[in-house]
Every structure is written in C-alpha cells, then in structure tokens.
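Here is the file coords18.cif (mmCIF, C-alpha atoms).
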data_upload
loop_
_atom_site.label_atom_id
_atom_site.label_comp_id
_atom_site.auth_asym_id
_atom_site.auth_seq_id
_atom_site.Cartn_x
_atom_site.Cartn_y
_atom_site.Cartn_z
CA MET A 93 -4.98 3.21 1.18
CA ASP A 94 -4.49 3.54 4.89
CA VAL A 95 -1.31 2.99 6.86
CA HIS A 96 -1.08 1.77 10.45
CA ARG A 97 2.19 2.21 12.35
CA ASP A 98 3.63 0.64 15.49
CA VAL A 99 1.26 -2.29 15.14
CA ASP A 100 2.07 -5.19 17.44
CA ALA A 101 0.09 -7.86 15.61
CA SER A 102 0.73 -11.01 13.62
CA VAL A 103 -0.56 -11.60 10.12
CA GLU A 104 -3.24 -13.86 11.66
CA GLU A 105 -4.42 -11.09 13.99
CA VAL A 106 -4.60 -8.65 11.09
CA VAL A 107 -6.64 -11.20 9.15
CA GLU A 108 -9.08 -11.34 12.10
CA ALA A 109 -9.30 -7.55 12.29
CA HIS A 110 -9.87 -7.43 8.54
CA GLU A 111 -12.74 -9.92 8.90
CA ARG A 112 -14.38 -7.63 11.46
CA ASP A 113 -13.97 -4.72 9.02
CA VAL A 114 -15.75 -6.74 6.36
CA GLU A 115 -18.62 -7.47 8.76
CA VAL A 116 -19.43 -3.78 9.33
CA GLN A 117 -18.23 -2.14 6.13
CA ASP A 118 -21.58 -2.24 4.30
CA GLU A 119 -23.13 0.17 6.80
CA HIS A 120 -20.60 2.77 5.66
CA GLY A 121 -20.60 2.00 1.94
CA VAL A 122 -17.02 0.78 2.18
CA GLU A 123 -15.25 -2.24 0.77
CA TYR A 124 -11.96 -3.26 2.36
CA LYS A 125 -10.20 -5.01 -0.51
CA GLN A 126 -6.69 -6.06 0.50
CA SER A 127 -4.34 -5.69 3.47
CA TRP A 128 -0.60 -6.19 3.78
CA VAL A 129 1.36 -6.63 6.99
CA ASP A 130 5.01 -5.88 7.77
CA GLU A 131 5.38 -7.79 11.03
CA GLU A 132 8.98 -6.73 11.55
CA GLN A 133 8.42 -2.99 11.22
CA GLY A 134 4.88 -3.16 12.66
CA ALA A 135 3.14 -1.61 9.68
CA VAL A 136 -0.18 -2.48 8.05
CA PHE A 137 -1.49 -1.18 4.71
CA CYS A 138 -5.22 -1.49 3.91
CA LEU A 139 -6.69 -0.80 0.50
CA PHE A 140 -10.37 0.10 0.54
CA GLU A 141 -12.99 1.67 -1.68
CA GLY A 142 -15.64 3.95 -0.30
CA PRO A 143 -17.28 7.36 -0.38
CA SER A 144 -14.57 9.08 1.69
CA LYS A 145 -11.46 8.55 3.78
CA GLU A 146 -13.59 9.17 6.87
CA ALA A 147 -15.95 6.34 5.95
CA GLY A 148 -13.03 3.92 5.98
CA GLU A 149 -11.92 5.28 9.34
CA LYS A 150 -15.42 4.73 10.77
CA VAL A 151 -15.33 1.08 9.70
CA HIS A 152 -12.04 0.53 11.55
CA GLU A 153 -13.40 2.40 14.60
CA GLU A 154 -16.53 0.30 14.75
CA ALA A 155 -14.91 -3.02 13.84
CA HIS A 156 -11.99 -3.06 16.25
CA GLY A 157 -11.02 0.49 17.22
CA LEU A 158 -7.63 0.31 15.52
CA THR A 159 -7.72 3.38 13.33
CA ALA A 160 -5.03 4.23 10.80
CA ASP A 161 -2.24 6.76 11.18
CA GLU A 162 -2.58 7.92 7.57
CA ILE A 163 -5.34 7.66 4.99
CA HIS A 164 -4.55 8.35 1.33
CA GLU A 165 -7.01 8.86 -1.49
CA VAL A 166 -5.26 6.89 -4.22
CA HIS A 167 -5.68 6.08 -7.86
CA GLU A 168 -4.19 2.93 -9.26
CA ALA A 169 -1.38 3.60 -11.76
CA GLU A 170 -2.15 1.08 -14.47
CA MET B 31 5.48 -2.50 -0.50
CA ASP B 32 7.43 0.68 -0.93
CA VAL B 33 6.32 4.21 -0.11
CA HIS B 34 7.47 7.37 -1.86
CA ARG B 35 6.85 10.73 -0.19
CA ASP B 36 6.80 14.32 -1.44
CA VAL B 37 6.28 13.11 -4.98
CA ASP B 38 5.37 15.85 -7.43
CA ALA B 39 3.95 13.64 -10.17
CA SER B 40 0.62 12.95 -11.81
CA VAL B 41 -0.91 9.50 -12.09
CA GLU B 42 0.19 9.49 -15.75
CA GLU B 43 3.80 10.22 -14.81
CA VAL B 44 3.75 7.43 -12.25
CA VAL B 45 2.38 5.09 -14.91
CA GLU B 46 5.36 6.02 -17.11
CA ALA B 47 7.82 5.45 -14.26
CA HIS B 48 6.16 2.11 -13.54
CA GLU B 49 6.59 1.10 -17.18
CA ARG B 50 10.31 1.82 -16.92
CA ASP B 51 10.44 -0.34 -13.78
CA VAL B 52 8.82 -3.19 -15.70
CA GLU B 53 11.42 -2.84 -18.46
CA VAL B 54 14.38 -3.44 -16.13
CA GLN B 55 12.87 -5.54 -13.33
CA ASP B 56 13.76 -8.96 -14.81
CA GLU B 57 17.48 -8.25 -14.40
CA HIS B 58 16.90 -8.08 -10.65
CA GLY B 59 14.38 -10.91 -10.31
CA VAL B 60 11.69 -8.41 -9.36
CA GLU B 61 8.09 -8.02 -10.42
CA TYR B 62 6.43 -4.66 -9.81
CA LYS B 63 2.79 -5.64 -9.48
CA GLN B 64 0.65 -2.59 -8.64
CA SER B 65 1.12 1.07 -7.82
CA TRP B 66 -1.21 3.60 -6.21
CA VAL B 67 -0.85 7.38 -6.29
CA ASP B 68 -2.12 10.02 -3.88
CA GLU B 69 -1.66 13.13 -6.01
CA GLU B 70 -2.88 15.50 -3.31
CA GLN B 71 -0.51 14.32 -0.58
CA GLY B 72 2.26 13.42 -3.03
CA ALA B 73 2.55 9.77 -2.03
CA VAL B 74 3.11 6.66 -4.13
CA PHE B 75 2.80 3.04 -2.98
CA CYS B 76 4.36 0.27 -5.08
CA LEU B 77 3.73 -3.41 -4.46
CA PHE B 78 6.45 -5.69 -5.78
CA GLU B 79 7.71 -9.24 -5.43
CA GLY B 80 11.38 -10.07 -5.44
CA PRO B 81 14.30 -11.63 -3.63
CA SER B 82 14.86 -8.66 -1.29
CA LYS B 83 13.88 -5.08 -0.53
CA GLU B 84 17.22 -3.99 -1.99
CA ALA B 85 16.43 -5.68 -5.32
CA GLY B 86 13.30 -3.54 -5.62
CA GLU B 87 15.30 -0.45 -4.79
CA LYS B 88 17.82 -1.28 -7.52
CA VAL B 89 15.04 -1.51 -10.10
CA HIS B 90 13.79 1.99 -9.18
CA GLU B 91 17.38 3.30 -9.22
CA GLU B 92 18.08 1.91 -12.66
CA ALA B 93 14.67 2.67 -14.18
CA HIS B 94 14.25 6.32 -13.19
CA GLY B 95 16.32 7.08 -10.10
CA LEU B 96 13.27 7.76 -7.94
CA THR B 97 13.93 5.50 -4.98
CA ALA B 98 11.43 4.95 -2.19
CA ASP B 99 11.49 6.50 1.27
CA GLU B 100 10.38 3.26 2.93
CA ILE B 101 10.41 -0.37 1.85
CA HIS B 102 8.35 -2.92 3.76
CA GLU B 103 8.53 -6.69 3.53
CA VAL B 104 4.84 -7.51 3.64
CA HIS B 105 2.58 -10.53 3.70
CA GLU B 106 -0.93 -10.26 2.38
CA ALA B 107 -3.56 -10.70 5.09
CA GLU B 108 -6.10 -12.93 3.39
#
Since I need it in another form, could you write the structure as structure tokens?
Amino acid sequence: MDVHRDVDASVEEVVEAHERDVEVQDEHGVEYKQSWVDEEQGAVFCLFEGPSKEAGEKVHEEAHGLTADEIHEVHEAE
Amino acid sequence: MDVHRDVDASVEEVVEAHERDVEVQDEHGVEYKQSWVDEEQGAVFCLFEGPSKEAGEKVHEEAHGLTADEIHEVHEAE
C-alpha cells in the first residue's frame, strides 16, 4: 500500500495515472490492484502486489513520475 | 479509509479487532470492508463504508477503543 500526500488531482486524473501504471507494471513484476482518492485532503492510496516496495515505486516513476510519500508492505487482515 | 499509526499488533490481533468492529458496525450504519497491516512500520489501513467518517470512528471506539489517526473520505479510482 502506498500513500501519496498533497496531491492536487481529481479522481479522473488518478484513474488516468493508474492506467499508465498498468501499462508499465509488467516490466517490474508489479500489479497495481486498487486506488482510492481523497480529493479534499489530497491523498491517494494505491494497493499493489510485487516483488518489493521499490518495484512499485519504479512503476510510478516510469508511468508518470508521481512517486509515493510512503510505501507499506502490508498483509490483508482477513 | 482510515490509518492507524504506531500500532503494536500482529496481523492476528488486527483480525480480532476487525471482528469486533464487524460485531458493532450495524448500529452505526457502517461496513468495515477490508484491513491491511504493516507489522514492521506499525500501520493499519481500514476501508469502510458508512454515513460519515465519524460513524466509522464510533465503531472503532465501541469495538476496541483503538481509534484511527487519520480518516479519509475516499472514492475508488476505477
């Protein structure tokens, strides 16, 4: 799960950025699964699977350059 | 989406807390949907649906007292 702060983007713009992530993710063995946007507070959360936190960061770098402020290695509590 | 910081809990303990949320959530019109745990950094993310951010907070308060540090009203980017 990564967290982006101080994001000045609409849900539609985040959808577009997410689509660019999906285009390049295979090269890094990553799958961006879901994203959530808080337009008011300017926060974006992205859930991805991949070999490392850095691999997810590389996808964002290559896709649109908007890297996350935090990356968390998470397990789902289910 | 809420975010808990400085959490000293295992995935199993978060699962138990989540189960207590589910037990009381109906009273507040809330549905806790998914949770993710970063054990190393001590962070927990909870995705819920409900009438307000405060309603989600009340569920956590009543269920186990472990309220979140941040609550974000999010839309899924899909």
Mobile chain A placed on reference chain B by ordered C-alpha fit, as a JSON list (two decimals) with C-alpha atoms, keeping the file's coordinate frame:
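Heads up, here's the output in superposed.json:
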[["chain", "number", "residue", "atom", "x", "y", "z"],
["A", 93, "MET", "CA", 5.48, -2.50, -0.51],
["A", 94, "ASP", "CA", 7.44, 0.68, -0.92],
["A", 95, "VAL", "CA", 6.33, 4.20, -0.10],
["A", 96, "HIS", "CA", 7.46, 7.38, -1.86],
["A", 97, "ARG", "CA", 6.84, 10.74, -0.19],
["A", 98, "ASP", "CA", 6.81, 14.32, -1.44],
["A", 99, "VAL", "CA", 6.28, 13.10, -4.98],
["A", 100, "ASP", "CA", 5.37, 15.86, -7.42],
["A", 101, "ALA", "CA", 3.95, 13.66, -10.17],
["A", 102, "SER", "CA", 0.62, 12.94, -11.80],
["A", 103, "VAL", "CA", -0.91, 9.50, -12.09],
["A", 104, "GLU", "CA", 0.19, 9.49, -15.76],
["A", 105, "GLU", "CA", 3.81, 10.22, -14.81],
["A", 106, "VAL", "CA", 3.75, 7.43, -12.23],
["A", 107, "VAL", "CA", 2.38, 5.09, -14.89],
["A", 108, "GLU", "CA", 5.36, 6.01, -17.10],
["A", 109, "ALA", "CA", 7.83, 5.44, -14.27],
["A", 110, "HIS", "CA", 6.16, 2.12, -13.53],
["A", 111, "GLU", "CA", 6.58, 1.10, -17.19],
["A", 112, "ARG", "CA", 10.32, 1.81, -16.93],
["A", 113, "ASP", "CA", 10.44, -0.34, -13.77],
["A", 114, "VAL", "CA", 8.83, -3.18, -15.68],
["A", 115, "GLU", "CA", 11.41, -2.86, -18.46],
["A", 116, "VAL", "CA", 14.38, -3.46, -16.13],
["A", 117, "GLN", "CA", 12.87, -5.54, -13.35],
["A", 118, "ASP", "CA", 13.77, -8.95, -14.81],
["A", 119, "GLU", "CA", 17.49, -8.26, -14.40],
["A", 120, "HIS", "CA", 16.90, -8.08, -10.64],
["A", 121, "GLY", "CA", 14.39, -10.91, -10.30],
["A", 122, "VAL", "CA", 11.69, -8.42, -9.35],
["A", 123, "GLU", "CA", 8.09, -8.02, -10.41],
["A", 124, "TYR", "CA", 6.43, -4.67, -9.80],
["A", 125, "LYS", "CA", 2.78, -5.63, -9.48],
["A", 126, "GLN", "CA", 0.65, -2.60, -8.63],
["A", 127, "SER", "CA", 1.12, 1.08, -7.80],
["A", 128, "TRP", "CA", -1.20, 3.61, -6.20],
["A", 129, "VAL", "CA", -0.84, 7.38, -6.29],
["A", 130, "ASP", "CA", -2.12, 10.03, -3.87],
["A", 131, "GLU", "CA", -1.66, 13.13, -6.02],
["A", 132, "GLU", "CA", -2.87, 15.50, -3.32],
["A", 133, "GLN", "CA", -0.52, 14.32, -0.58],
["A", 134, "GLY", "CA", 2.27, 13.41, -3.04],
["A", 135, "ALA", "CA", 2.56, 9.78, -2.01],
["A", 136, "VAL", "CA", 3.10, 6.66, -4.12],
["A", 137, "PHE", "CA", 2.79, 3.04, -2.96],
["A", 138, "CYS", "CA", 4.36, 0.26, -5.07],
["A", 139, "LEU", "CA", 3.75, -3.42, -4.46],
["A", 140, "PHE", "CA", 6.47, -5.69, -5.79],
["A", 141, "GLU", "CA", 7.71, -9.24, -5.43],
["A", 142, "GLY", "CA", 11.38, -10.06, -5.44],
["A", 143, "PRO", "CA", 14.31, -11.62, -3.63],
["A", 144, "SER", "CA", 14.87, -8.65, -1.29],
["A", 145, "LYS", "CA", 13.88, -5.08, -0.52],
["A", 146, "GLU", "CA", 17.21, -3.98, -2.00],
["A", 147, "ALA", "CA", 16.42, -5.66, -5.31],
["A", 148, "GLY", "CA", 13.29, -3.54, -5.63],
["A", 149, "GLU", "CA", 15.30, -0.43, -4.79],
["A", 150, "LYS", "CA", 17.83, -1.28, -7.53],
["A", 151, "VAL", "CA", 15.03, -1.50, -10.10],
["A", 152, "HIS", "CA", 13.79, 1.99, -9.19],
["A", 153, "GLU", "CA", 17.38, 3.31, -9.24],
["A", 154, "GLU", "CA", 18.07, 1.91, -12.67],
["A", 155, "ALA", "CA", 14.66, 2.66, -14.18],
["A", 156, "HIS", "CA", 14.25, 6.30, -13.21],
["A", 157, "GLY", "CA", 16.31, 7.09, -10.10],
["A", 158, "LEU", "CA", 13.26, 7.77, -7.94],
["A", 159, "THR", "CA", 13.91, 5.50, -4.99],
["A", 160, "ALA", "CA", 11.43, 4.94, -2.19],
["A", 161, "ASP", "CA", 11.49, 6.50, 1.27],
["A", 162, "GLU", "CA", 10.37, 3.25, 2.92],
["A", 163, "ILE", "CA", 10.42, -0.38, 1.85],
["A", 164, "HIS", "CA", 8.34, -2.92, 3.77],
["A", 165, "GLU", "CA", 8.53, -6.69, 3.53],
["A", 166, "VAL", "CA", 4.82, -7.52, 3.63],
["A", 167, "HIS", "CA", 2.58, -10.52, 3.69],
["A", 168, "GLU", "CA", -0.93, -10.27, 2.37],
["A", 169, "ALA", "CA", -3.57, -10.70, 5.09],
["A", 170, "GLU", "CA", -6.10, -12.91, 3.36]]
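Distances here use only C-alpha atoms; by that measure, the residue among B:Val37, B:Val104, B:Met31, B:Ala73 closest to Glu87 in chain B is B:Met31.
Near Gly95 in chain B, within 12 Å and counting only C-alpha atoms, sit Ala47, His48, Arg50, Asp51, Gly86, Glu87, Lys88, Val89 and His90 of chain B, not including residues fewer than 5 positions from it in the same chain.
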Residue nearest chain B - candidates A:Lys145, A:His164, A:His120, A:Lys125, atoms counted: only C-alpha atoms | A:His164
Give me, as a count of residues only, the contact residues of chain B against chain A at a cut-off of 7 Å, counting only C-alpha atoms.
-> 14
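The spacing separating CA of Glu53 in chain B from CA of Ala93 in chain B amounts to 7.7 Å.
CA of Glu154 in chain A is found 15.5 Å from CA of Phe140 in chain A.
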Kindly compute an axis-aligned box around the listed atoms of range 114-131 of chain A, allowing 3 Å on each side, and express its centre and edge lengths in Å to one decimal as lines of an AutoDock Vina configuration file.
center_x = -8.9
center_y = -2.5
center_z = 5.3
size_x = 34.5
size_y = 16.6
size_z = 17.5
Please indicate the distance in Å from CA of Asp94 in chain A to CA of Glu79 in chain B, rounded to one decimal place.
-> 20.5 Å
Out of A:Gly121, A:Val116, A:His156, A:Glu162, which residue has the shortest atom-to-atom distance to Ser144 in chain A when counting only C-alpha atoms?
-> A:Gly121
Starting from the incomplete input, reconstruct N, CA and C atoms of range 50-86 of chain B and report them as a PDB file, keeping the file's coordinate frame.
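Okay, result_32.pdb is ready:
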ATOM      1  N   ARG B  50       8.841   1.942 -16.880  1.00  0.00           N
ATOM      2  CA  ARG B  50      10.310   1.820 -16.920  1.00  0.00           C
ATOM      3  C   ARG B  50      10.788   0.773 -15.906  1.00  0.00           C
ATOM      4  N   ASP B  51      10.120   0.731 -14.746  1.00  0.00           N
ATOM      5  CA  ASP B  51      10.440  -0.340 -13.780  1.00  0.00           C
ATOM      6  C   ASP B  51      10.268  -1.711 -14.423  1.00  0.00           C
ATOM      7  N   VAL B  52       9.145  -1.880 -15.109  1.00  0.00           N
ATOM      8  CA  VAL B  52       8.820  -3.190 -15.700  1.00  0.00           C
ATOM      9  C   VAL B  52       9.867  -3.575 -16.752  1.00  0.00           C
ATOM     10  N   GLU B  53      10.410  -2.558 -17.428  1.00  0.00           N
ATOM     11  CA  GLU B  53      11.420  -2.840 -18.460  1.00  0.00           C
ATOM     12  C   GLU B  53      12.716  -3.422 -17.883  1.00  0.00           C
ATOM     13  N   VAL B  54      13.086  -3.001 -16.686  1.00  0.00           N
ATOM     14  CA  VAL B  54      14.380  -3.440 -16.130  1.00  0.00           C
ATOM     15  C   VAL B  54      14.261  -4.442 -14.994  1.00  0.00           C
ATOM     16  N   GLN B  55      13.057  -4.733 -14.553  1.00  0.00           N
ATOM     17  CA  GLN B  55      12.870  -5.540 -13.330  1.00  0.00           C
ATOM     18  C   GLN B  55      13.415  -6.965 -13.448  1.00  0.00           C
ATOM     19  N   ASP B  56      13.342  -7.557 -14.657  1.00  0.00           N
ATOM     20  CA  ASP B  56      13.760  -8.960 -14.810  1.00  0.00           C
ATOM     21  C   ASP B  56      15.227  -9.165 -14.432  1.00  0.00           C
ATOM     22  N   GLU B  57      16.048  -8.156 -14.729  1.00  0.00           N
ATOM     23  CA  GLU B  57      17.480  -8.250 -14.400  1.00  0.00           C
ATOM     24  C   GLU B  57      17.711  -8.442 -12.903  1.00  0.00           C
ATOM     25  N   HIS B  58      16.737  -8.006 -12.106  1.00  0.00           N
ATOM     26  CA  HIS B  58      16.900  -8.080 -10.650  1.00  0.00           C
ATOM     27  C   HIS B  58      15.955  -9.097 -10.008  1.00  0.00           C
ATOM     28  N   GLY B  59      15.289  -9.889 -10.830  1.00  0.00           N
ATOM     29  CA  GLY B  59      14.380 -10.910 -10.310  1.00  0.00           C
ATOM     30  C   GLY B  59      13.160 -10.343  -9.611  1.00  0.00           C
ATOM     31  N   VAL B  60      12.774  -9.135 -10.033  1.00  0.00           N
ATOM     32  CA  VAL B  60      11.690  -8.410  -9.360  1.00  0.00           C
ATOM     33  C   VAL B  60      10.478  -8.315 -10.271  1.00  0.00           C
ATOM     34  N   GLU B  61       9.301  -8.326  -9.664  1.00  0.00           N
ATOM     35  CA  GLU B  61       8.090  -8.020 -10.420  1.00  0.00           C
ATOM     36  C   GLU B  61       7.315  -6.922  -9.704  1.00  0.00           C
ATOM     37  N   TYR B  62       7.280  -5.744 -10.327  1.00  0.00           N
ATOM     38  CA  TYR B  62       6.430  -4.660  -9.810  1.00  0.00           C
ATOM     39  C   TYR B  62       5.002  -4.958 -10.224  1.00  0.00           C
ATOM     40  N   LYS B  63       4.117  -5.120  -9.221  1.00  0.00           N
ATOM     41  CA  LYS B  63       2.790  -5.640  -9.480  1.00  0.00           C
ATOM     42  C   LYS B  63       1.725  -4.542  -9.591  1.00  0.00           C
ATOM     43  N   GLN B  64       1.656  -3.658  -8.614  1.00  0.00           N
ATOM     44  CA  GLN B  64       0.650  -2.590  -8.640  1.00  0.00           C
ATOM     45  C   GLN B  64       1.244  -1.348  -8.008  1.00  0.00           C
ATOM     46  N   SER B  65       0.732  -0.184  -8.456  1.00  0.00           N
ATOM     47  CA  SER B  65       1.120   1.070  -7.820  1.00  0.00           C
ATOM     48  C   SER B  65      -0.126   1.922  -7.593  1.00  0.00           C
ATOM     49  N   TRP B  66      -0.101   2.697  -6.527  1.00  0.00           N
ATOM     50  CA  TRP B  66      -1.210   3.600  -6.210  1.00  0.00           C
ATOM     51  C   TRP B  66      -0.627   4.979  -5.924  1.00  0.00           C
ATOM     52  N   VAL B  67      -1.342   6.004  -6.388  1.00  0.00           N
ATOM     53  CA  VAL B  67      -0.850   7.380  -6.290  1.00  0.00           C
ATOM     54  C   VAL B  67      -1.845   8.245  -5.525  1.00  0.00           C
ATOM     55  N   ASP B  68      -1.355   8.964  -4.533  1.00  0.00           N
ATOM     56  CA  ASP B  68      -2.120  10.020  -3.880  1.00  0.00           C
ATOM     57  C   ASP B  68      -1.542  11.331  -4.379  1.00  0.00           C
ATOM     58  N   GLU B  69      -2.195  11.895  -5.402  1.00  0.00           N
ATOM     59  CA  GLU B  69      -1.660  13.130  -6.010  1.00  0.00           C
ATOM     60  C   GLU B  69      -1.673  14.290  -5.026  1.00  0.00           C
ATOM     61  N   GLU B  70      -2.723  14.357  -4.209  1.00  0.00           N
ATOM     62  CA  GLU B  70      -2.880  15.500  -3.310  1.00  0.00           C
ATOM     63  C   GLU B  70      -1.778  15.527  -2.246  1.00  0.00           C
ATOM     64  N   GLN B  71      -1.522  14.375  -1.639  1.00  0.00           N
ATOM     65  CA  GLN B  71      -0.510  14.320  -0.580  1.00  0.00           C
ATOM     66  C   GLN B  71       0.873  13.963  -1.123  1.00  0.00           C
ATOM     67  N   GLY B  72       0.969  13.706  -2.431  1.00  0.00           N
ATOM     68  CA  GLY B  72       2.260  13.420  -3.030  1.00  0.00           C
ATOM     69  C   GLY B  72       2.877  12.117  -2.549  1.00  0.00           C
ATOM     70  N   ALA B  73       2.053  11.068  -2.485  1.00  0.00           N
ATOM     71  CA  ALA B  73       2.550   9.770  -2.030  1.00  0.00           C
ATOM     72  C   ALA B  73       2.315   8.718  -3.105  1.00  0.00           C
ATOM     73  N   VAL B  74       3.257   7.790  -3.205  1.00  0.00           N
ATOM     74  CA  VAL B  74       3.110   6.660  -4.130  1.00  0.00           C
ATOM     75  C   VAL B  74       3.436   5.376  -3.374  1.00  0.00           C
ATOM     76  N   PHE B  75       2.600   4.368  -3.561  1.00  0.00           N
ATOM     77  CA  PHE B  75       2.800   3.040  -2.980  1.00  0.00           C
ATOM     78  C   PHE B  75       3.021   2.066  -4.121  1.00  0.00           C
ATOM     79  N   CYS B  76       4.076   1.272  -4.038  1.00  0.00           N
ATOM     80  CA  CYS B  76       4.360   0.270  -5.080  1.00  0.00           C
ATOM     81  C   CYS B  76       4.452  -1.104  -4.420  1.00  0.00           C
ATOM     82  N   LEU B  77       3.687  -2.036  -4.950  1.00  0.00           N
ATOM     83  CA  LEU B  77       3.730  -3.410  -4.460  1.00  0.00           C
ATOM     84  C   LEU B  77       4.578  -4.231  -5.429  1.00  0.00           C
ATOM     85  N   PHE B  78       5.621  -4.867  -4.921  1.00  0.00           N
ATOM     86  CA  PHE B  78       6.450  -5.690  -5.780  1.00  0.00           C
ATOM     87  C   PHE B  78       6.839  -6.993  -5.098  1.00  0.00           C
ATOM     88  N   GLU B  79       7.177  -7.972  -5.924  1.00  0.00           N
ATOM     89  CA  GLU B  79       7.710  -9.240  -5.430  1.00  0.00           C
ATOM     90  C   GLU B  79       9.137  -9.357  -5.895  1.00  0.00           C
ATOM     91  N   GLY B  80       9.991  -9.912  -5.037  1.00  0.00           N
ATOM     92  CA  GLY B  80      11.380 -10.070  -5.440  1.00  0.00           C
ATOM     93  C   GLY B  80      12.187 -10.705  -4.343  1.00  0.00           C
ATOM     94  N   PRO B  81      13.464 -10.917  -4.596  1.00  0.00           N
ATOM     95  CA  PRO B  81      14.300 -11.630  -3.630  1.00  0.00           C
ATOM     96  C   PRO B  81      14.629 -10.811  -2.381  1.00  0.00           C
ATOM     97  N   SER B  82      14.526  -9.503  -2.444  1.00  0.00           N
ATOM     98  CA  SER B  82      14.860  -8.660  -1.290  1.00  0.00           C
ATOM     99  C   SER B  82      14.317  -7.252  -1.516  1.00  0.00           C
ATOM    100  N   LYS B  83      14.286  -6.484  -0.421  1.00  0.00           N
ATOM    101  CA  LYS B  83      13.880  -5.080  -0.530  1.00  0.00           C
ATOM    102  C   LYS B  83      14.880  -4.324  -1.397  1.00  0.00           C
ATOM    103  N   GLU B  84      16.159  -4.681  -1.238  1.00  0.00           N
ATOM    104  CA  GLU B  84      17.220  -3.990  -1.990  1.00  0.00           C
ATOM    105  C   GLU B  84      17.061  -4.201  -3.498  1.00  0.00           C
ATOM    106  N   ALA B  85      16.608  -5.406  -3.882  1.00  0.00           N
ATOM    107  CA  ALA B  85      16.430  -5.680  -5.320  1.00  0.00           C
ATOM    108  C   ALA B  85      15.388  -4.736  -5.910  1.00  0.00           C
ATOM    109  N   GLY B  86      14.319  -4.485  -5.148  1.00  0.00           N
ATOM    110  CA  GLY B  86      13.300  -3.540  -5.620  1.00  0.00           C
ATOM    111  C   GLY B  86      13.866  -2.136  -5.748  1.00  0.00           C
TER     112      GLY B  86
END
